[in-house]
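Q: This one is work.txt, compact mmCIF, C-alpha atoms.
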```
# COMPACT_ATOMS: atom_id res chain seq x y z
CA MET P 30 -2.76 31.02 -48.12
CA LYS P 31 -0.38 31.04 -51.06
CA GLY P 32 1.07 33.95 -53.13
CA PHE P 33 3.11 34.94 -56.15
CA ILE P 34 5.25 37.97 -56.95
CA GLY P 35 3.91 40.29 -59.67
CA LYS P 36 4.65 43.82 -60.89
CA GLY P 37 2.54 45.41 -58.19
CA GLY P 38 3.94 43.34 -55.32
CA ILE P 39 2.88 40.08 -53.67
CA PHE P 40 -0.53 38.78 -54.66
CA HIS P 41 -2.15 36.21 -52.31
CA LEU P 42 -4.17 33.30 -53.51
CA LYS P 43 -6.80 31.89 -51.19
CA THR P 44 -6.93 28.13 -50.91
CA PRO P 45 -9.86 26.14 -49.59
CA HIS P 46 -9.61 25.52 -45.87
CA LYS P 47 -8.86 21.86 -45.19
CA GLN P 48 -10.32 20.17 -42.19
CA SER P 49 -7.57 19.35 -39.78
CA GLN P 50 -7.05 15.64 -39.47
CA TRP P 51 -6.83 14.16 -36.02
CA SER P 52 -3.42 12.91 -35.02
CA GLU P 53 -2.98 9.30 -33.87
CA PRO P 54 -2.41 10.31 -30.20
CA LYS P 55 -5.64 12.32 -30.22
CA ILE P 56 -7.58 9.39 -31.71
CA ILE P 57 -6.24 7.06 -28.99
CA ILE P 58 -7.00 9.45 -26.12
CA VAL P 59 -10.50 10.37 -27.37
CA SER P 60 -11.41 6.70 -27.91
CA PHE P 61 -10.15 5.97 -24.39
CA LEU P 62 -12.21 8.77 -22.81
CA SER P 63 -15.30 7.91 -24.88
CA ILE P 64 -15.46 4.57 -23.05
CA LEU P 65 -14.15 5.71 -19.66
CA LEU P 66 -16.56 8.57 -18.95
CA PRO P 67 -19.85 6.71 -19.70
CA ALA P 68 -18.59 3.71 -17.70
CA SER P 69 -17.82 5.99 -14.77
CA VAL P 70 -21.37 7.33 -14.83
CA LEU P 71 -22.78 3.79 -14.94
CA LEU P 72 -20.78 2.73 -11.88
CA THR P 73 -22.52 5.41 -9.81
CA LEU P 74 -25.94 3.80 -10.44
CA PRO P 75 -27.57 1.39 -7.93
CA LEU P 76 -27.75 -1.30 -10.65
CA PHE P 77 -23.96 -1.59 -10.55
CA SER P 78 -23.03 -0.56 -7.01
CA LEU P 79 -24.62 -1.82 -3.78
CA THR P 80 -24.01 1.32 -1.72
CA GLY P 81 -23.43 3.86 -4.46
CA LEU P 82 -20.22 5.56 -5.56
CA SER P 83 -19.34 9.21 -5.92
CA PHE P 84 -18.36 10.19 -9.45
CA ILE P 85 -14.69 10.56 -8.43
CA ASP P 86 -14.64 7.05 -6.93
CA ALA P 87 -16.46 5.65 -9.96
CA LEU P 88 -14.01 7.44 -12.28
CA PHE P 89 -11.07 6.02 -10.31
CA THR P 90 -12.50 2.47 -10.46
CA ALA P 91 -13.39 2.65 -14.16
CA THR P 92 -9.96 4.08 -14.98
CA SER P 93 -8.30 1.33 -12.97
CA ALA P 94 -10.30 -1.30 -14.90
CA ILE P 95 -9.89 0.07 -18.43
CA SER P 96 -6.20 0.81 -17.84
CA VAL P 97 -5.92 -2.76 -16.44
CA THR P 98 -4.33 -1.45 -13.24
CA GLY P 99 -6.32 -3.02 -10.41
CA LEU P 100 -6.01 -0.30 -7.79
CA GLY P 101 -9.25 0.26 -5.92
CA VAL P 102 -10.86 2.65 -3.48
CA VAL P 103 -13.55 0.09 -2.54
CA ASP P 104 -13.59 -3.68 -2.15
CA THR P 105 -14.54 -5.16 -5.53
CA GLY P 106 -16.08 -8.37 -4.21
CA THR P 107 -18.48 -6.79 -1.70
CA HIS P 108 -19.19 -3.35 -3.13
CA PHE P 109 -20.37 -4.14 -6.67
CA THR P 110 -23.42 -6.07 -7.84
CA HIS P 111 -23.06 -8.86 -10.41
CA SER P 112 -23.88 -6.28 -13.08
CA GLY P 113 -21.11 -4.05 -11.75
CA LYS P 114 -18.63 -6.92 -11.81
CA VAL P 115 -19.65 -7.77 -15.39
CA LEU P 116 -19.10 -4.14 -16.36
CA LEU P 117 -15.64 -4.27 -14.78
CA MET P 118 -14.87 -7.44 -16.78
CA ILE P 119 -15.91 -5.67 -19.99
CA LEU P 120 -13.71 -2.68 -19.16
CA MET P 121 -10.76 -4.97 -18.34
CA GLN P 122 -11.20 -6.80 -21.64
CA ILE P 123 -11.38 -3.53 -23.56
CA GLY P 124 -8.32 -2.21 -21.76
CA GLY P 125 -6.32 -5.38 -22.29
CA LEU P 126 -7.05 -5.79 -25.98
CA GLY P 127 -6.99 -2.08 -26.72
CA GLN P 128 -9.75 0.15 -28.01
CA MET P 129 -8.43 0.17 -31.57
CA THR P 130 -8.41 -3.64 -31.74
CA LEU P 131 -11.98 -3.88 -30.49
CA SER P 132 -13.08 -1.06 -32.80
CA ALA P 133 -11.67 -3.06 -35.69
CA VAL P 134 -13.55 -6.16 -34.51
CA LEU P 135 -16.87 -4.28 -34.33
CA LEU P 136 -16.42 -2.75 -37.79
CA TYR P 137 -15.59 -6.15 -39.30
CA MET P 138 -18.61 -7.72 -37.56
CA PHE P 139 -20.93 -5.20 -39.23
CA GLY P 140 -19.27 -5.59 -42.61
CA ALA P 141 -17.57 -2.19 -42.56
CA ARG P 142 -14.00 -1.48 -43.64
CA LEU P 143 -11.32 0.29 -41.66
CA SER P 144 -10.23 3.63 -43.03
CA LEU P 145 -6.55 4.08 -43.88
CA LYS P 146 -6.17 6.22 -40.74
CA GLN P 147 -7.83 3.57 -38.55
CA GLN P 148 -5.62 0.89 -40.07
CA ALA P 149 -2.51 2.97 -39.40
CA VAL P 150 -3.48 3.60 -35.78
CA THR P 151 -4.39 -0.06 -35.20
CA LYS P 152 -1.13 -1.28 -36.74
CA GLY P 153 0.81 1.20 -34.65
CA ALA P 154 -0.98 0.09 -31.47
CA LEU P 155 -0.18 -3.54 -32.29
CA GLY P 156 3.41 -2.84 -33.33
CA GLN P 157 2.94 -4.16 -36.85
CA GLU P 158 4.38 -3.22 -40.22
CA ASN P 159 2.33 -1.76 -43.06
CA SER P 160 2.41 -5.00 -45.04
CA ILE P 161 0.54 -6.97 -42.38
CA ASN P 162 -3.03 -8.15 -42.96
CA ILE P 163 -4.72 -6.28 -40.12
CA ARG P 164 -7.96 -8.27 -40.32
CA ARG P 165 -6.15 -11.60 -40.02
CA LEU P 166 -4.08 -10.26 -37.12
CA VAL P 167 -7.12 -9.00 -35.22
CA ILE P 168 -8.84 -12.38 -35.65
CA LEU P 169 -5.73 -14.15 -34.34
CA ILE P 170 -5.59 -11.86 -31.29
CA ILE P 171 -9.26 -12.45 -30.46
CA LEU P 172 -8.90 -16.23 -30.88
CA PHE P 173 -5.77 -16.32 -28.72
CA THR P 174 -7.48 -14.26 -26.01
CA PHE P 175 -10.63 -16.39 -26.08
CA ILE P 176 -8.70 -19.68 -25.94
CA ALA P 177 -6.37 -18.52 -23.14
CA GLU P 178 -9.21 -17.16 -21.01
CA THR P 179 -11.40 -20.23 -21.63
CA ILE P 180 -8.64 -22.64 -20.62
CA GLY P 181 -7.88 -20.49 -17.58
CA THR P 182 -11.55 -20.44 -16.60
CA MET P 183 -11.88 -24.23 -16.84
CA ILE P 184 -8.80 -24.83 -14.67
CA LEU P 185 -9.82 -22.22 -12.07
CA ALA P 186 -13.33 -23.71 -12.00
CA ILE P 187 -11.81 -26.97 -10.76
CA ARG P 188 -10.82 -25.08 -7.62
CA TRP P 189 -13.75 -22.71 -7.15
CA VAL P 190 -16.85 -24.66 -8.25
CA PRO P 191 -16.55 -27.15 -5.35
CA GLU P 192 -15.96 -24.22 -2.98
CA PHE P 193 -18.70 -21.79 -4.13
CA GLY P 194 -21.10 -23.88 -6.18
CA VAL P 195 -21.55 -24.05 -9.96
CA THR P 196 -22.92 -20.56 -10.67
CA GLU P 197 -20.76 -18.55 -8.27
CA GLY P 198 -17.73 -20.75 -8.85
CA LEU P 199 -17.86 -20.32 -12.64
CA PHE P 200 -18.42 -16.57 -12.30
CA THR P 201 -15.42 -16.29 -9.98
CA ALA P 202 -13.31 -18.33 -12.40
CA VAL P 203 -14.33 -16.21 -15.42
CA PHE P 204 -13.71 -12.94 -13.55
CA HIS P 205 -10.22 -13.93 -12.42
CA ALA P 206 -9.29 -15.46 -15.79
CA ILE P 207 -10.16 -12.20 -17.58
CA SER P 208 -8.48 -10.13 -14.89
CA ALA P 209 -5.32 -12.26 -14.99
CA PHE P 210 -4.92 -12.52 -18.77
CA ASN P 211 -5.43 -8.78 -19.17
CA ASN P 212 -2.98 -8.08 -16.32
CA ALA P 213 -5.72 -6.14 -14.53
CA GLY P 214 -5.23 -7.38 -10.96
CA PHE P 215 -8.87 -7.07 -9.87
CA SER P 216 -9.92 -9.80 -7.46
CA LEU P 217 -13.24 -10.67 -5.87
CA PHE P 218 -11.44 -11.42 -2.62
CA SER P 219 -10.57 -8.62 -0.21
CA ASP P 220 -7.11 -10.12 0.41
CA SER P 221 -6.47 -10.75 -3.31
CA LEU P 222 -5.08 -14.33 -3.40
CA THR P 223 -3.30 -14.55 -0.05
CA ARG P 224 -5.81 -17.13 1.19
CA TYR P 225 -4.66 -19.40 -1.69
CA GLN P 226 -0.91 -19.04 -1.16
CA ASP P 227 -0.65 -22.81 -0.62
CA ASP P 228 -2.58 -23.72 -3.80
CA PRO P 229 -0.16 -24.49 -6.69
CA LEU P 230 -2.92 -25.12 -9.25
CA LEU P 231 -4.54 -21.74 -8.71
CA LEU P 232 -1.36 -19.65 -8.40
CA MET P 233 0.40 -21.26 -11.37
CA THR P 234 -2.69 -20.98 -13.59
CA ILE P 235 -3.11 -17.28 -12.86
CA SER P 236 0.66 -16.75 -13.27
CA LEU P 237 0.64 -18.36 -16.72
CA LEU P 238 -2.37 -16.27 -17.75
CA PHE P 239 -0.75 -12.93 -17.04
CA ILE P 240 2.62 -14.09 -18.41
CA CYS P 241 0.91 -15.03 -21.71
CA GLY P 242 -0.97 -11.74 -21.76
CA GLY P 243 2.20 -9.82 -20.94
CA LEU P 244 4.30 -11.25 -23.78
CA GLY P 245 2.57 -9.03 -26.32
CA PHE P 246 0.34 -9.82 -29.29
CA THR P 247 3.24 -9.11 -31.64
CA VAL P 248 5.18 -12.01 -30.14
CA VAL P 249 2.12 -14.27 -30.19
CA ALA P 250 1.51 -13.57 -33.90
CA ASP P 251 5.18 -14.18 -34.66
CA LEU P 252 5.21 -17.48 -32.76
CA PHE P 253 2.04 -18.53 -34.56
CA LYS P 254 3.73 -17.97 -37.94
CA TRP P 255 6.81 -19.85 -36.75
CA SER P 256 4.70 -22.81 -35.58
CA LYS P 257 3.02 -23.06 -39.00
CA THR P 258 6.26 -23.04 -40.95
CA ARG P 259 9.70 -23.42 -39.45
CA HIS P 260 11.08 -21.44 -42.39
CA HIS P 261 9.68 -18.29 -40.79
CA ARG P 262 12.37 -16.49 -38.78
CA LEU P 263 11.33 -14.93 -35.50
CA ARG P 264 11.53 -11.16 -35.41
CA LEU P 265 14.18 -9.49 -33.28
CA HIS P 266 11.54 -8.19 -30.88
CA SER P 267 10.17 -11.70 -30.32
CA LYS P 268 13.64 -13.09 -29.59
CA LEU P 269 14.26 -10.27 -27.13
CA MET P 270 10.99 -10.94 -25.29
CA LEU P 271 11.47 -14.72 -25.20
CA VAL P 272 14.87 -14.27 -23.55
CA ALA P 273 14.22 -11.23 -21.34
CA THR P 274 10.87 -12.39 -19.91
CA PRO P 275 12.15 -15.60 -18.22
CA THR P 276 15.34 -13.78 -17.18
CA LEU P 277 13.34 -11.12 -15.32
CA LEU P 278 10.97 -13.72 -13.86
CA LEU P 279 13.76 -15.90 -12.48
CA SER P 280 15.83 -12.94 -11.25
CA GLY P 281 12.82 -11.54 -9.38
CA THR P 282 11.99 -14.96 -7.93
CA LEU P 283 15.52 -15.41 -6.59
CA LEU P 284 15.67 -11.91 -5.12
CA PHE P 285 12.27 -12.16 -3.43
CA TRP P 286 13.16 -15.53 -1.93
CA LEU P 287 16.52 -14.31 -0.64
CA LEU P 288 15.07 -11.11 0.83
CA GLU P 289 11.84 -12.50 2.32
CA ARG P 290 12.55 -16.13 3.27
CA ASN P 291 13.16 -15.15 6.91
CA ASN P 292 10.32 -12.61 7.12
CA ALA P 293 7.60 -14.30 9.17
CA ALA P 294 4.99 -11.83 7.89
CA THR P 295 5.50 -12.86 4.26
CA LEU P 296 7.42 -15.97 3.10
CA GLY P 297 9.04 -16.99 6.38
CA GLN P 298 5.93 -18.80 7.65
CA LEU P 299 5.77 -21.10 4.59
CA PRO P 300 7.61 -24.36 3.78
CA THR P 301 10.52 -24.02 1.35
CA GLY P 302 8.57 -25.26 -1.67
CA LEU P 303 5.74 -22.79 -1.07
CA GLN P 304 8.28 -20.02 -0.47
CA TRP P 305 9.70 -20.52 -3.96
CA MET P 306 6.21 -20.74 -5.52
CA ASN P 307 5.03 -17.52 -3.89
CA ALA P 308 8.31 -15.77 -4.70
CA PHE P 309 7.77 -16.74 -8.34
CA PHE P 310 4.16 -15.55 -8.21
CA GLN P 311 5.17 -12.17 -6.78
CA SER P 312 7.95 -11.83 -9.36
CA ALA P 313 5.47 -12.47 -12.17
CA THR P 314 2.68 -10.32 -10.74
CA ALA P 315 5.00 -7.38 -10.06
CA ARG P 316 5.36 -6.89 -13.80
CA THR P 317 1.91 -5.24 -14.00
CA ALA P 318 -0.43 -8.13 -13.10
CA GLY P 319 -1.53 -6.74 -9.71
CA PHE P 320 -2.42 -9.88 -7.74
CA ASN P 321 -0.64 -10.79 -4.51
CA SER P 322 -0.37 -14.04 -2.59
CA VAL P 323 1.43 -12.48 0.41
CA ASP P 324 0.89 -9.20 2.26
CA ILE P 325 2.77 -6.57 0.22
CA SER P 326 2.64 -4.04 3.06
CA GLN P 327 4.80 -6.40 5.17
CA PHE P 328 7.62 -6.65 2.62
CA SER P 329 11.04 -5.42 3.66
CA GLN P 330 12.31 -2.18 2.11
CA PRO P 331 14.81 -3.96 -0.21
CA ALA P 332 12.05 -6.29 -1.48
CA LEU P 333 9.75 -3.31 -2.11
CA LEU P 334 12.55 -1.67 -4.11
CA VAL P 335 12.92 -4.81 -6.25
CA MET P 336 9.17 -4.85 -6.76
CA MET P 337 9.13 -1.19 -7.81
CA ALA P 338 11.91 -1.86 -10.33
CA LEU P 339 9.98 -4.80 -11.82
CA MET P 340 6.77 -2.74 -11.93
CA LEU P 341 8.53 0.07 -13.78
CA ILE P 342 10.01 -2.32 -16.37
CA GLY P 343 6.60 -3.91 -16.86
CA ALA P 344 5.52 -6.30 -19.60
CA GLY P 345 5.98 -6.50 -23.36
CA SER P 346 5.05 -3.91 -25.96
CA THR P 347 1.57 -4.33 -27.51
CA SER P 348 0.65 -6.56 -24.56
CA THR P 349 -2.07 -6.34 -21.92
CA GLY P 350 0.52 -5.12 -19.40
CA GLY P 351 2.06 -1.73 -18.71
CA GLY P 352 5.34 -0.20 -17.56
CA ILE P 353 8.02 1.31 -19.76
CA LYS P 354 8.12 -2.16 -21.42
CA VAL P 355 10.74 -4.88 -21.35
CA SER P 356 12.09 -4.01 -24.80
CA THR P 357 12.56 -0.36 -23.82
CA PHE P 358 14.56 -1.38 -20.76
CA VAL P 359 16.72 -3.87 -22.65
CA VAL P 360 17.49 -1.45 -25.50
CA ALA P 361 18.41 1.30 -23.02
CA VAL P 362 20.77 -1.07 -21.19
CA LEU P 363 22.33 -2.20 -24.47
CA ALA P 364 22.76 1.44 -25.57
CA THR P 365 24.54 2.19 -22.30
CA ILE P 366 26.85 -0.80 -22.74
CA THR P 367 27.51 0.28 -26.34
CA PHE P 368 28.51 3.76 -25.13
CA LEU P 369 30.77 2.42 -22.38
CA ARG P 370 32.51 0.14 -24.88
CA GLN P 371 32.84 3.11 -27.26
CA GLN P 372 31.13 1.23 -30.06
CA ASN P 373 29.05 2.84 -32.80
CA ASN P 374 26.04 0.52 -33.08
CA VAL P 375 23.64 -1.13 -30.66
CA VAL P 376 23.65 -4.82 -31.57
CA LEU P 377 21.37 -7.65 -30.41
CA PHE P 378 21.29 -11.19 -31.83
CA LYS P 379 23.60 -10.10 -34.67
CA ARG P 380 21.18 -7.35 -35.66
CA THR P 381 21.78 -3.60 -35.42
CA ILE P 382 19.01 -1.71 -33.64
CA ALA P 383 18.07 1.50 -35.44
CA TRP P 384 19.12 4.70 -33.70
CA SER P 385 15.56 5.99 -34.03
CA THR P 386 14.46 3.07 -31.83
CA VAL P 387 17.25 3.75 -29.33
CA LEU P 388 16.26 7.42 -29.11
CA LYS P 389 12.61 6.48 -28.70
CA CYS P 390 13.46 4.14 -25.80
CA LEU P 391 15.54 6.83 -24.10
CA ALA P 392 12.73 9.35 -24.63
CA ILE P 393 10.21 6.96 -23.05
CA ILE P 394 12.42 6.62 -19.97
CA VAL P 395 12.98 10.38 -19.64
CA VAL P 396 9.32 11.32 -20.16
CA SER P 397 8.21 8.56 -17.78
CA GLY P 398 10.65 9.81 -15.16
CA LEU P 399 9.37 13.38 -15.45
CA ILE P 400 5.73 12.28 -15.20
CA LEU P 401 6.47 10.12 -12.16
CA MET P 402 8.38 12.89 -10.38
CA LEU P 403 5.59 15.39 -11.00
CA ALA P 404 2.91 12.93 -9.83
CA MET P 405 4.86 12.02 -6.69
CA PHE P 406 5.46 15.68 -5.89
CA LEU P 407 1.75 16.48 -6.21
CA LEU P 408 0.72 13.46 -4.13
CA MET P 409 3.12 14.45 -1.38
CA LEU P 410 1.34 17.81 -1.29
CA THR P 411 -2.17 16.32 -1.18
CA GLU P 412 -1.64 13.17 0.93
CA LYS P 413 -0.33 12.64 4.44
CA ALA P 414 1.78 9.60 3.63
CA SER P 415 5.43 8.59 3.76
CA PHE P 416 7.59 8.98 0.66
CA ASP P 417 8.04 5.24 0.14
CA ARG P 418 4.26 4.66 0.10
CA VAL P 419 3.72 7.54 -2.31
CA MET P 420 6.51 6.28 -4.58
CA PHE P 421 5.24 2.68 -4.55
CA GLU P 422 1.62 3.66 -5.27
CA THR P 423 2.58 6.08 -8.05
CA LEU P 424 4.81 3.52 -9.76
CA SER P 425 2.06 0.92 -9.41
CA ALA P 426 -0.48 3.24 -11.05
CA PHE P 427 1.85 4.36 -13.85
CA SER P 428 2.96 0.81 -14.67
CA THR P 429 -0.67 -0.42 -14.34
CA ALA P 430 0.58 -3.02 -11.86
CA GLY P 431 -2.23 -2.49 -9.36
CA LEU P 432 -0.23 -3.57 -6.31
CA SER P 433 -0.93 -1.36 -3.31
CA ALA P 434 0.94 -0.48 -0.16
CA GLY P 435 -2.35 0.74 1.33
CA LEU P 436 -2.43 4.33 0.08
CA SER P 437 -5.14 4.04 -2.62
CA ALA P 438 -7.94 3.26 -0.14
CA SER P 439 -7.25 6.48 1.81
CA LEU P 440 -6.58 8.92 -1.04
CA SER P 441 -8.10 12.40 -0.92
CA GLU P 442 -10.21 13.53 -3.87
CA PRO P 443 -7.33 15.56 -5.40
CA GLY P 444 -5.11 12.51 -4.89
CA LYS P 445 -7.61 10.31 -6.73
CA VAL P 446 -7.68 12.72 -9.68
CA ILE P 447 -3.87 12.69 -9.82
CA MET P 448 -3.83 8.88 -9.80
CA VAL P 449 -6.49 8.76 -12.53
CA VAL P 450 -4.26 10.87 -14.78
CA VAL P 451 -1.24 8.69 -13.92
CA MET P 452 -3.15 5.47 -14.74
CA ILE P 453 -4.42 6.85 -18.05
CA THR P 454 -0.93 8.05 -18.98
CA GLY P 455 0.57 4.70 -18.05
CA ARG P 456 -1.90 2.80 -20.21
CA ILE P 457 -1.89 4.94 -23.35
CA GLY P 458 1.86 5.45 -23.06
CA PRO P 459 3.85 8.51 -21.92
CA LEU P 460 4.99 9.31 -25.46
CA THR P 461 1.40 9.40 -26.71
CA LEU P 462 0.66 12.13 -24.17
CA ALA P 463 3.91 13.90 -25.00
CA TYR P 464 3.15 13.83 -28.74
CA LEU P 465 -0.30 15.29 -28.06
CA LEU P 466 1.11 18.15 -25.97
CA ALA P 467 4.23 18.83 -28.03
CA ARG P 468 2.69 18.63 -31.53
CA PRO P 469 5.83 17.25 -33.17
CA THR P 470 6.99 18.81 -36.46
CA THR P 471 9.58 17.72 -38.96
CA THR P 472 12.17 20.03 -40.49
CA GLN P 473 14.97 19.75 -43.01
CA LEU P 474 16.91 22.57 -41.35
CA LYS P 475 20.24 21.50 -39.86
CA TYR P 476 22.54 23.69 -37.78
CA PRO P 477 26.32 23.33 -37.35
CA GLU P 478 27.39 20.74 -34.78
CA ASP P 479 28.93 21.72 -31.47
CA ASN P 480 29.70 19.95 -28.19
CA VAL P 481 28.13 20.03 -24.74
CA TYR P 482 30.09 18.55 -21.85
CA ALA P 483 28.17 15.70 -20.23
CA GLY P 484 28.89 13.47 -17.26
```
Go ahead and express the file in the form of structure tokens.
A:
Amino acid sequence: MKGFIGKGGIFHLKTPHKQSQWSEPKIIIVSFLSILLPASVLLTLPLFSLTGLSFIDALFTATSAISVTGLGVVDTGTHFTHSGKVLLMILMQIGGLGQMTLSAVLLYMFGARLSLKQQAVTKGALGQENSINIRRLVILIILFTFIAETIGTMILAIRWVPEFGVTEGLFTAVFHAISAFNNAGFSLFSDSLTRYQDDPLLLMTISLLFICGGLGFTVVADLFKWSKTRHHRLRLHSKLMLVATPTLLLSGTLLFWLLERNNAATLGQLPTGLQWMNAFFQSATARTAGFNSVDISQFSQPALLVMMALMLIGAGSTSTGGGIKVSTFVVAVLATITFLRQQNNVVLFKRTIAWSTVLKCLAIIVVSGLILMLAMFLLMLTEKASFDRVMFETLSAFSTAGLSAGLSASLSEPGKVIMVVVMITGRIGPLTLAYLLARPTTTQLKYPEDNVYAG
């Protein structure tokens, strides 16, 4: 409604009502739910489940798969039919690549073009600039995923085909390759991979799969450009990930070995070489992969704290993993150091990080903390469990790590609903949910500055 001032007063001019355009957060959430809810219904059918699932249990399982978390209320290997396991693989693949990426693939396959809005959302989900060729990037992501999962399947088949036969062995290899690359953590074995804790080929292959998936497609695309022409300079984000990822992996490995090497229930029973290998595996899997080669419930309290910290940090942005993201953690640490040194700019690799990025990272941490506190509070009201178990399980769900201290299998129905919301929030990102609820607006209005005492 617009108006102008005339002799008789204010005259209003009616303007045609414009259809409200959906915001990017709404598009992401609706696309997520449009896959999740039908999949949940399918998992309740006898074709997919041997003994049947209630809708709440099916919703929990489907959410865990599409959010690439790996938490379960039933045993995956014995409860689901082959059709059910295939459906879980599809959901894990969708969740790992992202709905917008797969939507782009389907549209290109049928000769359709992405709208400007779809291109913007897809670029945002993949952390790309406007100048990028989105079609070429999507093709690169699909090729990288296919090659990584195919190589992983062939190596895992070397171990499982002799053990289970050709058909079952290949199926087991494909399932675990997809689950590992997409950082999903679903396993067909009731004890995850603890029975293979002395198998370097299997553990290292699965480790490399979820490390590659957790780097982020942005880094993969950047490395691909760099490999084609050495004149291409790696982006700041890629450099950060290539330094921070091995640093976190090695730090976690060292801490797990130091804390658990004398624990007979975990690493203490193994030779030194296998201790280091399993410590490395747990360090890598803690950052949202969800597999375990030792009994997590037997970890000491300090080791569980280290694992929770690694789960919260998570993997790389635009990757198949979750958490607040490695880059968010690093930027927040650098911003803190910058403040303590009383410097004006956050600098990394001789590049100044924009203050908008710093504020976004701090906002992610604050919003994540509020969501986690609320979820833990609600779970302590609905579940009869100790605080450390509630905290571990909530962090695992939010970071889509999928590691369990045993609480998920005994959750009440309200507890399952809470965890479903936490898993969805962790996968789509806490800021996406915050943007949807807050409806952000921009303004040119600026008030006078004043001080608030902090610290």
Q: So how far away is atom CA of P:Gln327 from atom CA of P:Gly242, in Å?
A: 28.1 Å
Q: Pick from P:Val203, P:Val387, P:Leu166, P:Met336: nearest to P:Lys114, with only C-alpha atoms counted?
A: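 Closest candidate: P:Val203.
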Q: Any idea what's packed within 9 Å of P:Phe89, counting only C-alpha atoms, ignoring anything in its chain fewer than 5 positions away? Could you give it as a list in words?
A: Ser69, Phe84, Ala94, Leu100, Gly101, Val102, Lys445, Val446, Met448 and Val449 of chain P
Q: P:Asn211: which residues within 10 Å, counting all atoms listed in the file, same-chain residues fewer than 6 positions away excluded, as a list in words?
A: Ala94, Ile95, Ser96, Val97, Thr98, Met118, Met121, Gln122, Ile123, Gly124, Gly125, Leu126, Thr174, Glu178, His205, Leu238, Phe239, Ile240, Cys241, Gly242, Gly243, Thr317, Ala318, Ser348, Thr349 and Gly350 of chain P
Q: Take the residues just selected and output them with C-alpha atoms as an mmCIF file, keeping the file's coordinate frame.
A:
```cif
data_model
loop_
_atom_site.group_PDB
_atom_site.id
_atom_site.type_symbol
_atom_site.label_atom_id
_atom_site.label_comp_id
_atom_site.auth_asym_id
_atom_site.auth_seq_id
_atom_site.Cartn_x
_atom_site.Cartn_y
_atom_site.Cartn_z
ATOM 1 C CA ALA P 94 -10.300 -1.300 -14.900
ATOM 2 C CA ILE P 95 -9.890 0.070 -18.430
ATOM 3 C CA SER P 96 -6.200 0.810 -17.840
ATOM 4 C CA VAL P 97 -5.920 -2.760 -16.440
ATOM 5 C CA THR P 98 -4.330 -1.450 -13.240
ATOM 6 C CA MET P 118 -14.870 -7.440 -16.780
ATOM 7 C CA MET P 121 -10.760 -4.970 -18.340
ATOM 8 C CA GLN P 122 -11.200 -6.800 -21.640
ATOM 9 C CA ILE P 123 -11.380 -3.530 -23.560
ATOM 10 C CA GLY P 124 -8.320 -2.210 -21.760
ATOM 11 C CA GLY P 125 -6.320 -5.380 -22.290
ATOM 12 C CA LEU P 126 -7.050 -5.790 -25.980
ATOM 13 C CA THR P 174 -7.480 -14.260 -26.010
ATOM 14 C CA GLU P 178 -9.210 -17.160 -21.010
ATOM 15 C CA HIS P 205 -10.220 -13.930 -12.420
ATOM 16 C CA LEU P 238 -2.370 -16.270 -17.750
ATOM 17 C CA PHE P 239 -0.750 -12.930 -17.040
ATOM 18 C CA ILE P 240 2.620 -14.090 -18.410
ATOM 19 C CA CYS P 241 0.910 -15.030 -21.710
ATOM 20 C CA GLY P 242 -0.970 -11.740 -21.760
ATOM 21 C CA GLY P 243 2.200 -9.820 -20.940
ATOM 22 C CA THR P 317 1.910 -5.240 -14.000
ATOM 23 C CA ALA P 318 -0.430 -8.130 -13.100
ATOM 24 C CA SER P 348 0.650 -6.560 -24.560
ATOM 25 C CA THR P 349 -2.070 -6.340 -21.920
ATOM 26 C CA GLY P 350 0.520 -5.120 -19.400
#
```
Q: Find the spatial neighbours of P:Arg264, counting only C-alpha atoms, within a cut-off of 12 Å - ignore same-chain residues fewer than 2 positions away - and output them as a list in words.
A: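 In the requested format, the answer is Gly156, Gln157, Glu158, Thr247, Val248, Val249, Ala250, Asp251, Leu252, Lys254, Trp255, His261, Arg262, His266, Ser267, Lys268, Leu269, Met270, Leu271, Leu377, Phe378 and Arg380 of chain P.
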Q: Taking only N, CA, C and O atoms, show stretch 442-446 of chain P of the given structure as an mmCIF file, in the first residue's frame.
A:
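Wrote decode_4.cif, looks like this:
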```
data_model
loop_
_atom_site.group_PDB
_atom_site.id
_atom_site.type_symbol
_atom_site.label_atom_id
_atom_site.label_comp_id
_atom_site.auth_asym_id
_atom_site.auth_seq_id
_atom_site.Cartn_x
_atom_site.Cartn_y
_atom_site.Cartn_z
ATOM 1 N N GLU P 442 9.500 -42.004 24.141
ATOM 2 C CA GLU P 442 9.001 -41.395 22.910
ATOM 3 C C GLU P 442 9.223 -39.877 22.892
ATOM 4 O O GLU P 442 9.656 -39.337 21.869
ATOM 5 N N PRO P 443 8.958 -39.158 24.001
ATOM 6 C CA PRO P 443 9.297 -37.720 23.987
ATOM 7 C C PRO P 443 10.790 -37.487 23.772
ATOM 8 O O PRO P 443 11.187 -36.541 23.083
ATOM 9 N N GLY P 444 11.618 -38.356 24.352
ATOM 10 C CA GLY P 444 13.062 -38.235 24.173
ATOM 11 C C GLY P 444 13.470 -38.432 22.721
ATOM 12 O O GLY P 444 14.358 -37.735 22.216
ATOM 13 N N LYS P 445 12.805 -39.369 22.038
ATOM 14 C CA LYS P 445 13.113 -39.603 20.622
ATOM 15 C C LYS P 445 12.745 -38.388 19.779
ATOM 16 O O LYS P 445 13.478 -38.015 18.854
ATOM 17 N N VAL P 446 11.622 -37.764 20.097
ATOM 18 C CA VAL P 446 11.200 -36.568 19.350
ATOM 19 C C VAL P 446 12.214 -35.442 19.547
ATOM 20 O O VAL P 446 12.580 -34.740 18.601
#
```
